[in-house]
>>> print(open('coords-v4.txt').read())   # compact mmCIF, C-alpha atoms
# COMPACT_ATOMS: atom_id res chain seq x y z
CA MET A 49 -6.13 -17.98 21.16
CA PRO A 50 -6.21 -20.44 18.22
CA GLU A 51 -5.39 -24.10 18.83
CA THR A 52 -2.41 -25.55 17.04
CA THR A 53 -2.79 -28.51 14.65
CA PRO A 54 -0.77 -31.75 14.91
CA LYS A 55 1.07 -30.92 11.68
CA ARG A 56 1.91 -27.38 12.76
CA LEU A 57 2.94 -28.56 16.23
CA VAL A 58 5.37 -31.19 14.95
CA LEU A 59 6.94 -28.91 12.34
CA SER A 60 7.17 -26.05 14.82
CA LEU A 61 8.90 -28.09 17.52
CA LEU A 62 11.31 -29.83 15.16
CA SER A 63 12.20 -26.50 13.54
CA ALA A 64 13.67 -25.19 16.80
CA PRO A 65 17.32 -24.24 16.08
CA GLU A 66 18.72 -26.25 19.02
CA LEU A 67 16.66 -29.40 18.27
CA GLU A 68 18.08 -31.40 15.39
CA GLU A 69 15.92 -34.49 15.96
CA ALA A 70 13.48 -36.06 18.41
CA GLU A 71 12.30 -39.55 19.29
CA ILE A 72 8.69 -40.40 18.54
CA SER A 73 8.08 -40.89 22.28
CA LYS A 74 9.08 -37.28 22.89
CA LEU A 75 6.81 -36.06 20.10
CA VAL A 76 3.94 -38.07 21.62
CA LEU A 77 4.67 -36.49 25.01
CA TRP A 78 4.63 -32.98 23.56
CA ALA A 79 1.51 -33.63 21.51
CA GLY A 80 -0.31 -34.83 24.62
CA LEU A 81 -0.17 -31.29 25.98
CA PHE A 82 -2.48 -30.25 23.16
CA ASP A 83 -4.88 -33.19 23.49
CA VAL A 84 -3.43 -34.90 20.43
CA ASP A 85 -3.47 -38.65 21.08
CA ALA A 86 -0.56 -40.92 20.21
CA ALA A 87 -2.32 -42.54 17.24
CA THR A 88 -3.11 -39.20 15.63
CA LEU A 89 0.43 -38.00 16.22
CA ARG A 90 1.91 -41.13 14.63
CA VAL A 91 -0.36 -40.79 11.59
CA THR A 92 0.66 -37.14 11.23
CA VAL A 93 4.37 -37.97 11.49
CA GLY A 94 3.98 -40.75 8.91
CA ARG A 95 2.20 -38.44 6.48
CA LEU A 96 4.80 -35.68 6.92
CA THR A 97 7.58 -38.21 6.32
CA ARG A 98 5.99 -39.44 3.08
CA GLN A 99 5.69 -35.82 1.96
CA GLY A 100 9.38 -35.23 2.62
CA LEU A 101 8.66 -32.64 5.30
CA LEU A 102 10.20 -34.99 7.87
CA THR A 103 12.87 -37.64 7.57
CA SER A 104 13.82 -40.52 9.85
CA PRO A 105 17.61 -40.97 10.19
CA ARG A 106 17.01 -44.10 12.30
CA ARG A 107 14.04 -46.04 13.59
CA GLY A 108 11.73 -44.00 15.81
CA VAL A 109 13.68 -40.76 15.39
CA TYR A 110 12.57 -37.82 13.24
CA ARG A 111 13.95 -34.54 11.99
CA ILE A 112 13.02 -31.90 9.42
CA GLY A 113 13.25 -33.40 5.92
CA PRO A 114 14.42 -31.91 2.61
CA GLN A 115 10.98 -30.58 1.68
CA GLY A 116 10.57 -29.04 5.12
CA GLU A 117 13.92 -27.26 5.31
CA ARG A 118 12.76 -24.33 3.19
CA LEU A 119 9.65 -23.87 5.31
CA ALA A 120 11.68 -24.25 8.50
CA SER A 121 14.28 -21.67 7.47
CA THR A 122 11.51 -19.26 6.48
CA ALA A 123 9.75 -19.85 9.80
CA GLN A 124 12.96 -19.24 11.75
CA ALA A 125 13.65 -15.93 9.96
CA TRP A 126 11.28 -14.04 12.27
CA ALA A 127 14.01 -13.14 14.76
CA ASN A 128 15.93 -11.13 12.16
CA ALA A 129 12.96 -9.96 10.11
CA GLU A 130 13.66 -6.24 10.35
CA GLN A 131 17.30 -6.67 9.39
CA ALA A 132 16.06 -7.45 5.87
CA ILE A 133 14.74 -3.93 5.27
CA VAL A 134 16.29 -0.53 4.53
CA PRO A 135 14.89 3.03 4.52
CA TRP A 136 12.32 3.44 1.76
CA GLN A 137 13.09 5.92 -1.03
CA GLY A 138 9.65 5.70 -2.67
CA ASP A 139 10.38 3.04 -5.31
CA TRP A 140 8.20 -0.02 -5.88
CA LEU A 141 8.83 -3.66 -6.79
CA LEU A 142 6.43 -4.97 -9.43
CA ALA A 143 5.78 -8.52 -10.64
CA HIS A 144 3.68 -9.23 -13.73
CA THR A 145 1.92 -12.60 -14.01
CA ALA A 146 -0.68 -12.27 -16.80
CA HIS A 147 1.27 -14.56 -19.13
CA LEU A 148 1.40 -17.33 -16.51
CA GLY A 149 -2.32 -18.09 -16.60
CA ARG A 150 -4.60 -19.23 -13.80
CA SER A 151 -5.74 -22.68 -14.91
CA ASN A 152 -3.15 -24.59 -12.88
CA LYS A 153 -4.54 -24.07 -9.39
CA THR A 154 -1.57 -25.65 -7.65
CA ARG A 155 0.86 -23.30 -9.38
CA LEU A 156 -1.47 -20.39 -8.74
CA ARG A 157 -1.63 -21.10 -5.00
CA GLY A 158 2.15 -21.48 -4.83
CA ARG A 159 2.67 -18.23 -6.73
CA GLU A 160 0.30 -16.23 -4.56
CA ARG A 161 1.71 -17.76 -1.39
CA ALA A 162 5.22 -16.69 -2.44
CA PHE A 163 4.03 -13.13 -3.01
CA ARG A 164 2.34 -12.99 0.39
CA LEU A 165 5.41 -14.34 2.19
CA ILE A 166 7.54 -11.53 0.74
CA GLY A 167 4.94 -8.86 1.46
CA PHE A 168 3.56 -8.29 -2.03
CA ALA A 169 -0.07 -7.30 -2.58
CA GLN A 170 -2.08 -7.50 -5.80
CA CYS A 171 -2.59 -3.92 -6.96
CA MET A 172 -4.54 -4.90 -10.09
CA CYS A 173 -5.20 -8.01 -12.15
CA ALA A 174 -1.93 -9.91 -12.70
CA LEU A 175 0.19 -7.12 -11.18
CA TRP A 176 1.70 -7.51 -7.73
CA CYS A 177 3.68 -4.87 -5.88
CA ARG A 178 5.40 -3.90 -2.65
CA PRO A 179 7.52 -0.95 -1.49
CA ALA A 180 11.16 -1.41 -2.52
CA ASN A 181 12.55 -1.31 1.01
CA LEU A 182 14.15 -4.76 1.01
CA GLY A 183 17.89 -4.69 1.55
CA GLN A 184 18.67 -7.39 -1.01
CA ASP A 185 19.00 -6.63 -4.69
CA LEU A 186 16.34 -7.28 -7.32
CA ASP A 187 17.75 -10.61 -8.49
CA ASP A 188 17.98 -11.96 -4.95
CA THR A 189 14.37 -10.98 -4.27
CA ARG A 190 13.26 -12.71 -7.45
CA ASP A 191 15.28 -15.82 -6.57
CA GLN A 192 13.62 -15.87 -3.17
CA LEU A 193 10.17 -15.60 -4.72
CA VAL A 194 10.95 -18.43 -7.16
CA GLU A 195 12.25 -20.61 -4.33
CA LEU A 196 8.99 -20.04 -2.47
CA GLY A 197 6.78 -20.88 -5.44
CA LEU A 198 6.83 -18.13 -8.08
CA ASP A 199 7.15 -19.28 -11.69
CA GLU A 200 10.64 -19.05 -13.21
CA THR A 201 9.37 -16.91 -16.11
CA ALA A 202 7.81 -14.19 -13.95
CA PRO A 203 9.58 -10.83 -14.37
CA LEU A 204 10.33 -8.59 -11.38
CA LEU A 205 10.76 -4.86 -11.94
CA ARG A 206 11.72 -1.83 -9.88
CA ALA A 207 9.82 1.39 -10.62
CA SER A 208 10.24 4.91 -9.28
CA ALA A 209 6.57 5.68 -9.93
CA ILE A 210 3.36 3.91 -10.97
CA SER A 211 1.32 6.20 -13.20
CA GLY A 212 -2.46 5.91 -12.99
CA VAL A 213 -2.51 4.66 -9.41
CA SER A 214 -2.30 7.09 -6.50
CA GLU A 215 0.03 6.55 -3.57
CA GLN A 216 -3.05 6.49 -1.32
CA GLN A 217 -4.50 3.60 -3.35
CA LEU A 218 -1.22 1.71 -3.12
CA PHE A 219 -0.90 2.27 0.63
CA ALA A 220 -4.45 0.94 1.09
CA LEU A 221 -3.41 -2.46 -0.28
CA TRP A 222 -1.96 -3.23 3.14
CA PRO A 223 -4.47 -2.89 6.04
CA ARG A 224 -2.54 -0.55 8.34
CA LYS A 225 -5.13 -0.45 11.13
CA HIS A 226 -5.44 -4.23 11.12
CA LEU A 227 -1.67 -4.72 11.26
CA GLU A 228 -1.12 -2.21 14.04
CA LYS A 229 -3.99 -3.68 16.05
CA ALA A 230 -2.38 -7.11 15.71
CA TYR A 231 0.96 -5.76 16.97
CA ARG A 232 -0.74 -4.35 20.08
CA GLN A 233 -2.75 -7.52 20.71
CA HIS A 234 0.31 -9.77 20.49
CA LEU A 235 2.31 -7.49 22.78
CA LYS A 236 -0.49 -7.61 25.33
CA ALA A 237 -0.78 -11.41 25.04
CA MET A 238 2.94 -11.88 25.69
CA HIS A 239 3.00 -9.50 28.65
CA ASN A 240 -0.05 -11.17 30.22
CA SER A 241 1.43 -14.61 29.63
CA ARG A 242 4.76 -13.68 31.23
CA LYS A 243 2.89 -12.65 34.37
CA LYS A 244 1.02 -15.97 34.53
CA LEU A 245 3.82 -18.41 33.69
CA PRO A 246 5.54 -18.50 37.12
CA ARG A 247 2.26 -19.56 38.76
CA MET A 248 1.42 -22.28 36.23
CA ALA A 249 2.19 -26.00 36.34
CA LEU A 250 5.15 -26.87 34.09
CA ALA A 251 3.03 -28.71 31.52
CA ASP A 252 0.51 -25.87 31.35
CA ALA A 253 3.29 -23.31 31.01
CA ALA A 254 4.86 -25.29 28.16
CA ARG A 255 1.53 -25.40 26.35
CA GLU A 256 0.94 -21.70 26.96
CA THR A 257 4.29 -20.65 25.49
CA ILE A 258 3.68 -22.64 22.32
CA LEU A 259 0.20 -21.22 21.74
CA VAL A 260 1.17 -17.62 22.46
CA GLY A 261 4.57 -17.77 20.77
CA GLU A 262 3.37 -19.54 17.66
CA ALA A 263 0.68 -16.91 17.10
CA VAL A 264 3.24 -14.11 17.36
CA ILE A 265 5.71 -15.85 15.05
CA ARG A 266 3.01 -16.38 12.43
CA GLN A 267 2.26 -12.66 12.63
CA ILE A 268 5.92 -11.72 12.18
CA ASN A 269 6.52 -14.17 9.34
CA ALA A 270 3.41 -12.93 7.53
CA ASP A 271 4.25 -9.27 8.09
CA PRO A 272 4.84 -7.32 4.86
CA LEU A 273 7.67 -5.35 6.52
CA LEU A 274 6.31 -2.01 5.40
CA PRO A 275 8.38 1.18 5.78
CA GLU A 276 7.72 3.83 8.42
CA GLN A 277 5.82 5.93 5.86
CA MET A 278 3.15 3.21 5.79
CA ILE A 279 3.08 1.62 9.25
CA ASP A 280 3.93 2.17 12.92
CA THR A 281 7.32 0.48 12.77
CA ARG A 282 7.99 1.09 16.48
CA SER A 283 5.10 -1.19 17.47
CA ARG A 284 6.34 -3.85 15.09
CA SER A 285 9.87 -3.61 16.53
CA ASP A 286 8.50 -3.81 20.08
CA MET A 287 6.56 -6.95 19.17
CA ILE A 288 9.63 -8.66 17.72
CA ALA A 289 11.90 -7.63 20.61
CA THR A 290 9.33 -8.86 23.13
CA MET A 291 8.98 -12.14 21.24
CA LEU A 292 12.74 -12.70 21.44
CA GLU A 293 12.51 -12.45 25.23
CA TYR A 294 9.37 -14.59 25.35
CA ASP A 295 10.99 -17.22 23.13
CA ALA A 296 13.95 -17.55 25.51
CA VAL A 297 11.55 -18.02 28.44
CA GLY A 298 9.55 -20.60 26.49
CA ARG A 299 12.60 -22.62 25.49
CA GLU A 300 13.73 -22.86 29.10
CA ILE A 301 10.27 -24.02 30.17
CA TRP A 302 10.27 -26.68 27.44
CA ARG A 303 13.76 -27.81 28.46
CA GLN A 304 12.56 -28.25 32.04
CA PHE A 305 9.39 -30.00 30.97
CA THR A 306 11.26 -32.46 28.71
CA ALA A 307 13.91 -33.11 31.38
CA SER A 308 11.20 -33.89 33.94
CA HIS A 309 10.00 -36.78 31.74
CA ASN A 310 13.37 -38.37 30.91
>>> encode(input="coords-v4.txt", output="structure tokens")
Amino acid sequence: MPETTPKRLVLSLLSAPELEEAEISKLVLWAGLFDVDAATLRVTVGRLTRQGLLTSPRRGVYRIGPQGERLASTAQAWANAEQAIVPWQGDWLLAHTAHLGRSNKTRLRGRERAFRLIGFAQCMCALWCRPANLGQDLDDTRDQLVELGLDETAPLLRASAISGVSEQQLFALWPRKHLEKAYRQHLKAMHNSRKKLPRMALADAARETILVGEAVIRQINADPLLPEQMIDTRSRSDMIATMLEYDAVGREIWRQFTASHN
């Protein structure tokens, strides 16, 4: 199970829907569960504040800042991820980027990150695609990509067929076996954790729920949301449904842990 980083921990905790803000003392307490000392935590919070990812409405109190709101809303979308898709009719979404160039590495990273977040894969040089099974219309998908980092001048197309590339080649752009294995592993991790939590000390249980839950949420948020023709959608649905239950358990544990230190 991967360890969380101070940055990821702070942003994850402050992105919780029911937590609008937190005192630095509470952040230090939470960070201590992950062996992050107070000095490191304060440096991280200061850096995130300068970057606009956090803001301080009053001395010693922090909340998600303007630059972090987009990331936070994207991170919180996991619970309703499958509501964004519709049955696939065989069409494809295509984005062409050859005219955008690759010399600006910052723009390039932002562009490619936006594509990955919306489930696009690069099918050939400067051409990105995904199955057209998103419920929103083409303009809304493009607006979402632009908001996440795609260049304003990038065109987005919908095609009923892609000549010269077989369906098998297109399907292979997304590693089905790898994705389905991840679904099974995360389901197993959550089930095993639920069995252990009642026997764990409160602090250990709080730490456990963050490590397990954060790994699952990263998987869901990075999922390309492929249609049933391309992936075992039942396993994906089971993972998300189980995470909703696990998240509720984790939030209650964190409430108890925080209350025990007030």
>>> atom_distance(input="coords-v4.txt", atom1="CA of Ser283 in chain A", atom2="CA of Arg224 in chain A")
11.9 Å
>>> closest_residue(input="coords-v4.txt", among="A:Ile258, A:Ile268, A:Met287, A:Leu175", to="Leu61 in chain A", atoms="all atoms listed in the file")
A:Ile258
>>> closest_residue(input="coords-v4.txt", among="A:Leu227, A:Val58, A:Val297, A:Leu165", to="Glu195 in chain A", atoms="all atoms listed in the file")
A:Leu165
>>> axis_aligned_box(input="coords-v4.txt", around="range 259-272 of chain A", padding_each_side="3 Å", output="lines of an AutoDock Vina configuration file")
center_x = 3.4
center_y = -14.3
center_z = 13.7
size_x = 12.3
size_y = 19.9
size_z = 23.6
>>> closest_residue(input="coords-v4.txt", among="A:Leu182, A:Ile265, A:Ala307, A:Leu77", to="Ala125 in chain A", atoms="all atoms listed in the file")
A:Ile265
>>> atom_distance(input="coords-v4.txt", atom1="CA of Glu117 in chain A", atom2="CA of Ala87 in chain A")
25.3 Å
>>> build_atoms(input="coords-v4.txt", residues="range 189-200 of chain A", atoms="all heavy atoms", output="tab-separated table (two decimals), in the frame of the given file")
chain	number	residue	atom	x	y	z
A	189	THR	N	15.79	-10.95	-4.62
A	189	THR	CA	14.37	-10.98	-4.27
A	189	THR	C	13.61	-11.91	-5.20
A	189	THR	O	12.77	-12.70	-4.76
A	189	THR	CB	13.75	-9.57	-4.34
A	189	THR	OG1	14.44	-8.70	-3.43
A	189	THR	CG2	12.27	-9.61	-3.97
A	190	ARG	N	13.93	-11.83	-6.49
A	190	ARG	CA	13.26	-12.71	-7.45
A	190	ARG	C	13.62	-14.17	-7.18
A	190	ARG	O	12.75	-15.05	-7.23
A	190	ARG	CB	13.65	-12.33	-8.88
A	190	ARG	CG	12.89	-13.13	-9.93
A	190	ARG	CD	13.29	-12.72	-11.34
A	190	ARG	NE	12.59	-13.54	-12.30
A	190	ARG	CZ	12.95	-14.78	-12.63
A	190	ARG	NH1	14.00	-15.33	-12.04
A	190	ARG	NH2	12.25	-15.47	-13.51
A	191	ASP	N	14.88	-14.44	-6.89
A	191	ASP	CA	15.28	-15.82	-6.57
A	191	ASP	C	14.53	-16.34	-5.35
A	191	ASP	O	14.13	-17.50	-5.31
A	191	ASP	CB	16.79	-15.88	-6.31
A	191	ASP	CG	17.61	-15.70	-7.58
A	191	ASP	OD1	17.04	-15.81	-8.69
A	191	ASP	OD2	18.82	-15.42	-7.45
A	192	GLN	N	14.35	-15.48	-4.37
A	192	GLN	CA	13.62	-15.87	-3.17
A	192	GLN	C	12.17	-16.18	-3.49
A	192	GLN	O	11.61	-17.17	-3.00
A	192	GLN	CB	13.71	-14.76	-2.12
A	192	GLN	CG	13.11	-15.14	-0.77
A	192	GLN	CD	13.24	-14.02	0.25
A	192	GLN	OE1	13.59	-12.89	-0.09
A	192	GLN	NE2	12.96	-14.34	1.50
A	193	LEU	N	11.55	-15.36	-4.31
A	193	LEU	CA	10.17	-15.60	-4.72
A	193	LEU	C	10.05	-16.92	-5.47
A	193	LEU	O	9.12	-17.70	-5.23
A	193	LEU	CB	9.68	-14.45	-5.60
A	193	LEU	CG	9.32	-13.15	-4.88
A	193	LEU	CD1	9.21	-12.01	-5.89
A	193	LEU	CD2	8.04	-13.29	-4.10
A	194	VAL	N	10.98	-17.18	-6.38
A	194	VAL	CA	10.95	-18.43	-7.16
A	194	VAL	C	11.13	-19.63	-6.23
A	194	VAL	O	10.44	-20.65	-6.37
A	194	VAL	CB	12.04	-18.41	-8.25
A	194	VAL	CG1	12.19	-19.79	-8.89
A	194	VAL	CG2	11.69	-17.37	-9.33
A	195	GLU	N	12.03	-19.51	-5.28
A	195	GLU	CA	12.25	-20.61	-4.33
A	195	GLU	C	11.00	-20.91	-3.53
A	195	GLU	O	10.71	-22.06	-3.19
A	195	GLU	CB	13.40	-20.25	-3.39
A	195	GLU	CG	13.77	-21.37	-2.43
A	195	GLU	CD	14.90	-20.99	-1.50
A	195	GLU	OE1	15.38	-19.85	-1.57
A	195	GLU	OE2	15.29	-21.85	-0.69
A	196	LEU	N	10.20	-19.87	-3.27
A	196	LEU	CA	8.99	-20.04	-2.47
A	196	LEU	C	7.78	-20.43	-3.29
A	196	LEU	O	6.73	-20.75	-2.73
A	196	LEU	CB	8.69	-18.74	-1.72
A	196	LEU	CG	9.67	-18.39	-0.59
A	196	LEU	CD1	9.42	-16.98	-0.09
A	196	LEU	CD2	9.57	-19.39	0.55
A	197	GLY	N	7.90	-20.42	-4.63
A	197	GLY	CA	6.78	-20.88	-5.44
A	197	GLY	C	6.43	-20.05	-6.66
A	197	GLY	O	5.54	-20.43	-7.43
A	198	LEU	N	7.10	-18.93	-6.89
A	198	LEU	CA	6.83	-18.13	-8.08
A	198	LEU	C	7.39	-18.82	-9.31
A	198	LEU	O	8.45	-19.46	-9.25
A	198	LEU	CB	7.45	-16.73	-7.94
A	198	LEU	CG	7.24	-15.77	-9.10
A	198	LEU	CD1	5.77	-15.48	-9.33
A	198	LEU	CD2	8.02	-14.48	-8.88
A	199	ASP	N	6.70	-18.68	-10.44
A	199	ASP	CA	7.15	-19.28	-11.69
A	199	ASP	C	8.47	-18.67	-12.16
A	199	ASP	O	8.71	-17.46	-12.00
A	199	ASP	CB	6.09	-19.06	-12.78
A	199	ASP	CG	4.70	-19.45	-12.30
A	199	ASP	OD1	4.19	-18.79	-11.38
A	199	ASP	OD2	4.13	-20.40	-12.84
A	200	GLU	N	9.32	-19.49	-12.75
A	200	GLU	CA	10.64	-19.05	-13.21
A	200	GLU	C	10.55	-17.92	-14.24
A	200	GLU	O	11.46	-17.10	-14.35
A	200	GLU	CB	11.40	-20.23	-13.82
A	200	GLU	CG	11.88	-21.26	-12.81
A	200	GLU	CD	13.23	-20.88	-12.22
A	200	GLU	OE1	13.73	-19.79	-12.56
A	200	GLU	OE2	13.76	-21.67	-11.42
